[in-house]
Each structure stands twice: as C-alpha cells, then as structure tokens.
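File shown: coords14.cif (mmCIF, C-alpha atoms).
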data_structure
#
loop_
_atom_site.label_atom_id
_atom_site.label_comp_id
_atom_site.auth_asym_id
_atom_site.auth_seq_id
_atom_site.Cartn_x
_atom_site.Cartn_y
_atom_site.Cartn_z
CA MET A 17 0.00 0.00 0.00
CA ARG A 18 1.43 3.35 -1.08
CA ARG A 19 1.11 6.63 0.77
CA ASP A 20 2.75 9.80 -0.59
CA TYR A 21 3.02 12.99 1.45
CA THR A 22 3.97 16.59 0.87
CA ILE A 23 6.16 18.56 3.24
CA SER A 24 3.12 20.39 4.63
CA ASP A 25 1.53 17.00 5.41
CA LEU A 26 4.50 16.12 7.61
CA THR A 27 5.70 19.34 9.24
CA ALA A 28 3.92 18.49 12.50
CA TYR A 29 5.55 15.03 12.51
CA ILE A 30 9.15 16.23 12.32
CA ASN A 31 11.19 15.29 15.37
CA TRP A 32 13.29 18.40 15.87
CA VAL A 33 15.24 16.82 18.73
CA TYR A 34 17.19 14.68 16.26
CA PHE A 35 17.51 17.57 13.81
CA PHE A 36 19.29 19.71 16.42
CA HIS A 37 21.33 16.70 17.53
CA ALA A 38 22.63 16.31 13.97
CA TRP A 39 23.80 19.92 14.09
CA SER A 40 25.18 19.65 17.65
CA VAL A 41 23.09 22.70 18.53
CA LYS A 42 20.84 23.21 21.55
CA SER A 43 17.31 24.11 20.54
CA ASP A 44 16.81 26.60 23.39
CA THR A 45 19.66 28.90 22.34
CA ASP A 46 19.74 31.87 19.97
CA GLU A 47 21.73 29.71 17.56
CA GLY A 48 19.09 27.01 17.80
CA GLU A 49 16.24 29.44 17.17
CA GLN A 50 18.01 30.88 14.13
CA LEU A 51 18.65 27.38 12.78
CA ARG A 52 14.99 26.46 13.20
CA GLN A 53 13.85 29.60 11.36
CA GLU A 54 16.23 28.86 8.49
CA ALA A 55 15.03 25.25 8.41
CA MET A 56 11.39 26.34 8.21
CA LYS A 57 12.21 28.76 5.38
CA MET A 58 13.92 25.98 3.45
CA LEU A 59 10.98 23.63 4.01
CA GLY A 60 8.71 26.26 2.47
CA LYS A 61 10.98 26.59 -0.57
CA LEU A 62 11.22 22.79 -0.96
CA GLN A 63 7.44 22.25 -0.82
CA PRO A 64 6.89 22.22 -4.63
CA TYR A 65 9.88 19.96 -5.32
CA ILE A 66 9.92 17.20 -2.71
CA LYS A 67 7.46 14.39 -2.11
CA ILE A 68 7.87 11.85 0.67
CA LYS A 69 7.02 8.37 -0.57
CA THR A 70 6.08 5.47 1.70
CA VAL A 71 4.93 1.88 1.33
CA VAL A 72 3.58 -0.58 3.88
CA GLU A 73 2.15 -4.08 3.83
CA ILE A 74 0.34 -5.68 6.77
CA LEU A 75 0.99 -9.40 6.45
CA PRO A 76 0.15 -12.63 8.27
CA ALA A 77 3.10 -13.60 10.46
CA TYR A 78 4.23 -16.11 13.06
CA SER A 79 7.39 -16.78 15.02
CA ASP A 80 9.55 -19.85 14.52
CA GLY A 81 12.21 -19.83 17.21
CA ASP A 82 14.24 -16.67 16.60
CA ASP A 83 12.79 -16.23 13.10
CA ILE A 84 9.76 -14.18 12.06
CA VAL A 85 7.90 -15.82 9.18
CA VAL A 86 5.69 -13.68 6.91
CA GLN A 87 3.36 -14.58 4.08
CA LYS A 88 3.04 -12.30 1.07
CA MET A 89 -0.56 -11.70 0.00
CA MET A 90 -2.20 -10.81 -3.31
CA PRO A 91 -5.51 -8.90 -3.46
CA CYS A 92 -8.39 -10.67 -5.21
CA GLU A 93 -11.16 -9.08 -7.30
CA CYS A 94 -13.59 -10.25 -4.63
CA GLY A 95 -11.97 -7.85 -2.14
CA SER A 96 -10.10 -10.42 -0.07
CA SER A 97 -6.48 -11.61 -0.43
CA HIS A 98 -4.76 -14.92 -1.02
CA PRO A 99 -1.23 -16.15 -0.21
CA VAL A 100 1.46 -15.78 -2.87
CA GLY A 101 4.60 -17.91 -2.89
CA GLU A 102 6.26 -19.64 0.02
CA PRO A 103 6.42 -18.09 3.51
CA ILE A 104 9.47 -15.87 3.95
CA HIS A 105 11.70 -16.44 6.99
CA ILE A 106 13.31 -13.35 8.52
CA PRO A 107 15.99 -14.41 11.02
CA MET A 108 16.41 -12.22 14.10
CA LEU A 109 19.17 -11.81 16.66
CA ARG A 110 18.70 -12.38 20.38
CA GLN A 111 20.30 -10.49 23.25
CA GLN A 112 23.16 -12.47 24.74
CA ASN A 113 23.17 -10.61 28.05
CA ILE A 114 20.17 -10.85 30.33
CA GLY A 115 18.37 -7.52 30.68
CA GLN A 116 17.14 -5.91 33.88
CA ASP A 117 13.81 -7.71 33.47
CA GLY A 118 15.56 -11.09 33.40
CA PHE A 119 15.05 -11.79 29.69
CA CYS A 120 17.27 -12.07 26.63
CA ARG A 121 14.96 -10.42 24.09
CA CYS A 122 14.48 -11.12 20.40
CA MET A 123 12.12 -9.41 17.94
CA SER A 124 10.44 -12.77 17.29
CA ASP A 125 9.27 -12.80 20.93
CA TYR A 126 6.71 -10.16 19.94
CA ILE A 127 4.98 -12.34 17.31
CA ARG A 128 2.74 -15.29 18.16
CA PRO A 129 4.03 -18.76 17.22
CA LYS A 130 2.39 -20.77 14.44
CA THR A 131 0.73 -22.99 17.06
CA SER A 132 -1.17 -20.04 18.56
CA LEU A 133 -4.95 -20.15 18.27
CA LYS A 134 -4.97 -16.56 17.00
CA GLN A 135 -3.07 -15.57 13.85
CA ASP A 136 -0.70 -12.63 14.20
CA LYS A 137 0.29 -9.89 11.77
CA ILE A 138 3.27 -7.65 11.19
CA GLY A 139 3.78 -4.45 9.25
CA VAL A 140 6.69 -4.09 6.81
CA PHE A 141 7.41 -0.53 5.68
CA ALA A 142 9.77 1.85 3.93
CA ALA A 143 9.84 5.63 3.49
CA SER A 144 12.05 7.76 1.28
CA VAL A 145 12.81 11.34 0.24
CA ASN A 146 14.47 11.99 -3.10
CA ASN A 147 15.98 15.48 -3.10
CA ASP A 148 17.97 15.17 -6.33
CA GLU A 149 16.00 18.03 -7.92
CA VAL A 150 17.41 20.45 -5.33
CA THR A 151 21.17 20.86 -5.06
CA PHE A 152 23.54 23.23 -3.32
CA SER A 153 26.78 22.00 -4.85
CA ASN A 154 28.71 25.15 -3.94
CA ASP A 155 27.04 25.85 -0.60
CA ASP A 156 28.11 23.49 2.19
CA TYR A 157 25.77 25.00 4.79
CA ASN A 158 22.60 24.73 2.71
CA ARG A 159 23.60 21.32 1.40
CA MET A 160 23.87 20.04 4.98
CA LEU A 161 20.63 21.78 5.94
CA LEU A 162 18.87 20.10 3.01
CA GLN A 163 20.26 16.68 3.92
CA THR A 164 19.36 16.87 7.62
CA LEU A 165 15.86 18.06 6.74
CA ALA A 166 15.43 15.26 4.18
CA ASP A 167 16.48 12.73 6.84
CA ARG A 168 13.88 14.14 9.25
CA LEU A 169 11.19 14.13 6.53
CA ALA A 170 11.79 10.44 5.80
CA GLU A 171 11.36 9.68 9.50
CA ALA A 172 8.31 11.97 9.63
CA GLY A 173 6.82 10.05 6.72
CA ALA A 174 7.30 6.80 8.63
CA GLU A 175 5.76 8.44 11.73
CA ARG A 176 2.63 9.58 9.87
CA LEU A 177 2.33 6.26 8.03
CA HIS A 178 2.56 4.40 11.35
CA GLU A 179 -0.23 6.56 12.78
CA GLU A 180 -2.45 5.69 9.82
CA VAL A 181 -1.56 2.01 10.21
CA ARG A 182 -2.53 2.00 13.89
CA LYS A 183 -5.79 3.89 13.36
CA THR A 184 -7.10 2.69 9.99
CA ILE A 185 -4.91 0.57 7.68
CA TRP A 186 -4.36 -2.16 10.28
CA GLY A 187 -6.67 -0.50 12.75
CA TYR A 188 -5.50 -2.12 15.98
CA ALA A 189 -5.71 1.22 17.84
CA PRO A 190 -8.63 3.06 16.17
CA ASP A 191 -9.39 5.24 19.18
CA GLU A 192 -5.82 6.42 19.76
CA SER A 193 -5.65 10.05 20.84
CA LEU A 194 -2.10 11.29 21.29
CA THR A 195 -0.51 14.70 21.14
CA THR A 196 2.29 15.16 18.63
CA GLU A 197 4.78 15.21 21.50
CA GLU A 198 3.43 11.93 22.90
CA MET A 199 3.58 10.34 19.44
CA LEU A 200 7.18 11.42 18.88
CA GLN A 201 8.02 9.96 22.30
CA GLY A 202 6.67 6.60 21.12
CA LYS A 203 3.76 6.43 23.55
CA TYR A 204 1.57 4.60 21.05
CA GLN A 205 0.76 0.90 21.20
CA GLY A 206 3.50 -1.33 19.80
CA ILE A 207 6.85 -0.40 18.27
CA ARG A 208 8.32 0.58 14.89
CA PRO A 209 11.90 -0.78 14.82
CA ALA A 210 13.94 0.27 11.80
CA VAL A 211 16.75 -1.64 10.15
CA GLY A 212 19.97 -0.45 11.76
CA TYR A 213 18.39 0.03 15.20
CA PRO A 214 20.17 -1.72 18.10
CA CYS A 215 17.50 -4.44 18.03
CA LEU A 216 17.95 -4.87 14.22
CA PRO A 217 21.67 -4.30 13.65
CA ASP A 218 21.94 -6.41 10.47
CA MET A 219 21.61 -4.06 7.49
CA SER A 220 21.28 -7.01 5.09
CA ILE A 221 17.72 -7.52 6.39
CA ASN A 222 16.95 -4.83 3.79
CA PHE A 223 17.42 -7.45 1.07
CA ILE A 224 14.58 -9.49 2.59
CA LEU A 225 12.33 -6.47 3.08
CA ASP A 226 12.92 -5.49 -0.54
CA GLU A 227 11.69 -8.93 -1.57
CA ILE A 228 8.52 -8.39 0.47
CA ILE A 229 7.50 -4.81 -0.36
CA GLU A 230 9.59 -3.93 -3.46
CA PHE A 231 11.56 -0.83 -2.51
CA LYS A 232 11.67 0.24 -6.16
CA SER A 233 7.97 1.12 -5.92
CA ILE A 234 9.02 4.25 -3.99
CA GLY A 235 12.34 4.79 -5.76
CA ILE A 236 14.67 3.02 -3.30
CA THR A 237 17.58 0.91 -4.52
CA LEU A 238 20.06 -1.06 -2.44
CA THR A 239 23.83 -1.06 -2.68
CA GLU A 240 25.77 -4.31 -2.45
CA HIS A 241 26.15 -3.55 1.27
CA ALA A 242 22.34 -3.20 1.70
CA MET A 243 22.47 0.56 2.18
CA MET A 244 19.42 2.39 0.84
CA GLN A 245 19.59 5.00 -1.89
CA PRO A 246 18.41 7.77 -1.63
CA HIS A 247 20.26 8.30 1.62
CA SER A 248 17.18 9.79 3.29
CA SER A 249 15.32 6.50 3.55
CA VAL A 250 14.14 4.28 6.38
CA SER A 251 12.76 0.73 6.49
CA GLY A 252 11.62 -1.68 9.15
CA PHE A 253 8.70 -3.33 10.92
CA MET A 254 5.52 -2.34 12.72
CA ILE A 255 4.54 -4.53 15.67
CA SER A 256 1.22 -4.16 17.50
CA LEU A 257 1.91 -6.04 20.75
CA PRO A 258 1.38 -3.60 23.66
CA GLN A 259 4.21 -5.19 25.66
CA ALA A 260 6.76 -4.86 22.83
CA GLN A 261 9.86 -2.87 23.76
CA TYR A 262 12.96 -1.60 22.03
CA PHE A 263 16.21 -3.22 23.14
CA SER A 264 19.82 -3.59 22.12
CA VAL A 265 21.11 -6.93 20.84
CA GLY A 266 24.55 -5.95 22.08
CA GLN A 267 27.67 -8.00 21.52
CA ILE A 268 27.20 -11.01 19.23
CA ASP A 269 29.40 -13.98 20.10
CA GLU A 270 30.79 -16.51 17.63
CA THR A 271 28.19 -19.15 18.48
CA GLN A 272 25.24 -16.88 17.72
CA ALA A 273 26.95 -15.47 14.63
CA ARG A 274 27.33 -18.99 13.24
CA ASP A 275 23.71 -19.86 14.01
CA TYR A 276 22.51 -16.60 12.49
CA ALA A 277 24.62 -17.13 9.35
CA ARG A 278 23.07 -20.59 8.97
CA ARG A 279 19.55 -19.17 9.24
CA ARG A 280 20.43 -16.42 6.73
CA ASN A 281 21.93 -18.97 4.32
CA MET A 282 25.24 -17.11 4.42
CA THR A 283 28.77 -17.99 5.38
CA LEU A 284 30.11 -16.68 8.68
CA ASN A 285 32.42 -14.27 6.87
CA GLU A 286 29.56 -12.97 4.73
CA ILE A 287 27.27 -12.25 7.68
CA LYS A 288 30.05 -10.57 9.64
CA LYS A 289 30.17 -7.85 6.97
CA TYR A 290 26.73 -6.73 8.11
CA LEU A 291 27.08 -7.05 11.87
CA PRO A 292 28.85 -4.00 13.34
CA CYS A 293 28.70 -5.47 16.84
CA CYS A 294 30.17 -8.86 15.92
#
Can you give me the file's structure in the form of structure tokens?
Amino acid sequence: MRRDYTISDLTAYINWVYFFHAWSVKSDTDEGEQLRQEAMKMLGKLQPYIKIKTVVEILPAYSDGDDIVVQKMMPCECGSSHPVGEPIHIPMLRQQNIGQDGFCRCMSDYIRPKTSLKQDKIGVFAASVNNDEVTFSNDDYNRMLLQTLADRLAEAGAERLHEEVRKTIWGYAPDESLTTEEMLQGKYQGIRPAVGYPCLPDMSINFILDEIIEFKSIGITLTEHAMMQPHSSVSGFMISLPQAQYFSVGQIDETQARDYARRRNMTLNEIKKYLPCC
C-alpha cells in the first residue's frame, strides 16, 4: 500500500530533537532558534519539489524460534487476499546478556508462534525522500541543511504512516488520541523498529524487506552492502503487541553469529560484513 506525502503534510511530525542533535546545537539557544527559522524557510521553498514516498504491507506472520515468518498476499477481485509464494523467513538476533527484566529479548518474541490459536500480523514498511532536484553543490551550509531536513522528513513520513496504520490501515488502535509530542516519544501501542536500530543491527535484512515490499515502488535501490539509496530513507517493521519494547542486541558472540549465518543462508564471513557489533 502506497502513501505519498507533501512537506506540509508532515511538518507536525518532524522530530526536531534529532535535527538539532545532527547539528550539535541546543534548541533553546539563539543559535538554535536561528537554525529552526532557516530550516522552516527551506521547508517552504522545498514544498513544490519534494514528495515523501512510503509503502507498507500488513501481512500474516508467526514466530519460529528466533525467526519471524511472513506470508506475502495478493488482493483478489472479490476484495479479499490470497497467499502468494512460500512463507518468507526473517531471522532475528537475540540479546546475549540478560536484561534488567531477566530476559534475553528477540524481535520474534513479539509475534505469536504458528501454534497459537490466534493468527498474528506484522507491518513491513519503507519511506524515502528523493531530493535530487534540489542541489547546493557550492554551498556546504545549505547542502547540509537540506540533507538533515530530508532525513527528518523520511522519519516523519514513517511516523505519519505508522499513525495511519494504527488507526485505519491495520486499525488495531482506532481510538488512539495522542498529542504530537506523545507520538514522537513513542507512547503509542507497539513499536516501529527500523533496520539499523540496536535491536535490528543487520543491514542485510533490507534485502529481505525489498523482496517483500519492493523498494523500487518508492524509488529506493540497495547497494551491495544493503544501504538504501536515496540516503534519506528508512525501512523496518511495525509490531502491534502492547508489551513490545525496544532493546539492544549488544555484543554477538561466535556461536550466535554462526547460528545466524546458517539461518540467513550465508557464510560466517559474509554475515560478519553486516554485523557492526560482531
């Protein structure tokens, strides 16, 4: 499912905390206020040229050990959907150090197993901003301002898309009523972990997500190292479980790396290229 947004659609969803962090500037200073004003002026100028493209699919899913298994679906003329192809296994990594709550968490813990009486679902998404039409090749300041704003707009697109998923597309929280601040603080039901987050450190998961939702539909391509182009892009999952939490996988030992490589159908040396904490 595609959703395209304009800058004005997403201005309220921009997380300025991370924008100022990228500039190493405090928001409550004169420098911060000037930077915000300049950012808002640039957003106004960019409005006719930039569109934020997003795609999401809500798919049947179940857990199989430390894997999440999803089933691609094809809409029928009758209005329902039917399975397409074989189920797709998405291997996950588990914490090796017990957390404060006494658990070693894994993303698959948040999806019901196949044996559950109730079928589970998962959201797979991507969002992207292509700013190739606007360049500041001889202006370092404005080029950096454009890039940091494009990064925030991609995240804002994911934020707005997630809100629509919760309320209508998936509809597991139709009565949600959050302020923008509460939303940006993640006080909604469930989580939206992105590839590259501490709980999803393996960038090569992008290859699997591309197979599921076809990144090219919103203009994203992948490098041989699974990095997304355009740079201002984000991908990941949407999980509805109220108890779901973000966590850090942390250090990956040789035993888990070997097991993970086996589940990814890669050699140990191949998988190590994508695991910064290994």
Practice problem: Report as an MDAnalysis selection string the full result of the PyMOL selection byres ((chain A and resi 242) around 10) when it is applied to this structure. | Solution: chainID A and resid 218:223 226 237:241 243:245 290
Self-check item: From A:Val86, A:Ala77, A:Leu284, A:Ala273, residue lying nearest A:Arg128 [all atoms listed in the file]
Solution: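 Smallest distance to A:Arg128 is found for A:Ala77.
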Practice problem: Taking (17.7, -6.2, 13.0) in the file's own coordinates, collect the residues within 9 Å, counting only C-alpha atoms, and hand them back as number ranges by chain. | Solution: A: 107-109, 123, 209-221, 252, 265
Quiz item: Distance atom CA of A:Asn146-atom CA of A:Ala166, one decimal place?
Solution: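 Between these atoms lies a distance of 8.0 Å.
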Self-check item: Which residue of A:Asp275, A:Val250, A:Ile74, A:Lys88 approaches A:Gly187 most closely, using only C-alpha atoms
Solution: A:Ile74
Self-check item: Reference answer for the PyMOL selection byres ((chain A and resi 259) around 12), as a PyMOL selection string
Solution: chain A and resi 123+125-127+203-207+255-258+260-262
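The space separating atom CA of A:Ser24 from atom CA of A:Gln63 comes to 7.2 Å.
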Mind working out the centre and edge lengths of an axis-aligned box for stretch 257-260 of chain A, all listed atoms inside, 5 Å added to each side, rounded to one decimal in Å and written as JSON?
{"center_x": 4.1, "center_y": -4.8, "center_z": 23.2, "size_x": 15.4, "size_y": 12.4, "size_z": 14.9}
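Minimum distance to A:Pro246 across A:Ala189, A:Ile228, A:Val85, A:Ala142 (counting only C-alpha atoms) occurs at A:Ala142.
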Quiz item: What does the distance between atom CA of A:Thr27 and atom CA of A:Ser193 come to in Å, to one decimal place?
Solution: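 So the answer is 18.7 Å.
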Quiz item: Applied to the shown file, which residues does the PyMOL selection byres ((chain A and resi 29) around 10) return, written as a list in words?
Solution: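 On the file shown, the PyMOL selection byres ((chain A and resi 29) around 10) covers Ile23, Ser24, Asp25, Leu26, Thr27, Ala28, Ile30, Asn31, Trp32, Arg168, Leu169, Glu171, Ala172, Gly173, Ala174, Glu175, Arg176, Thr196, Glu197, Met199 and Leu200 of chain A.
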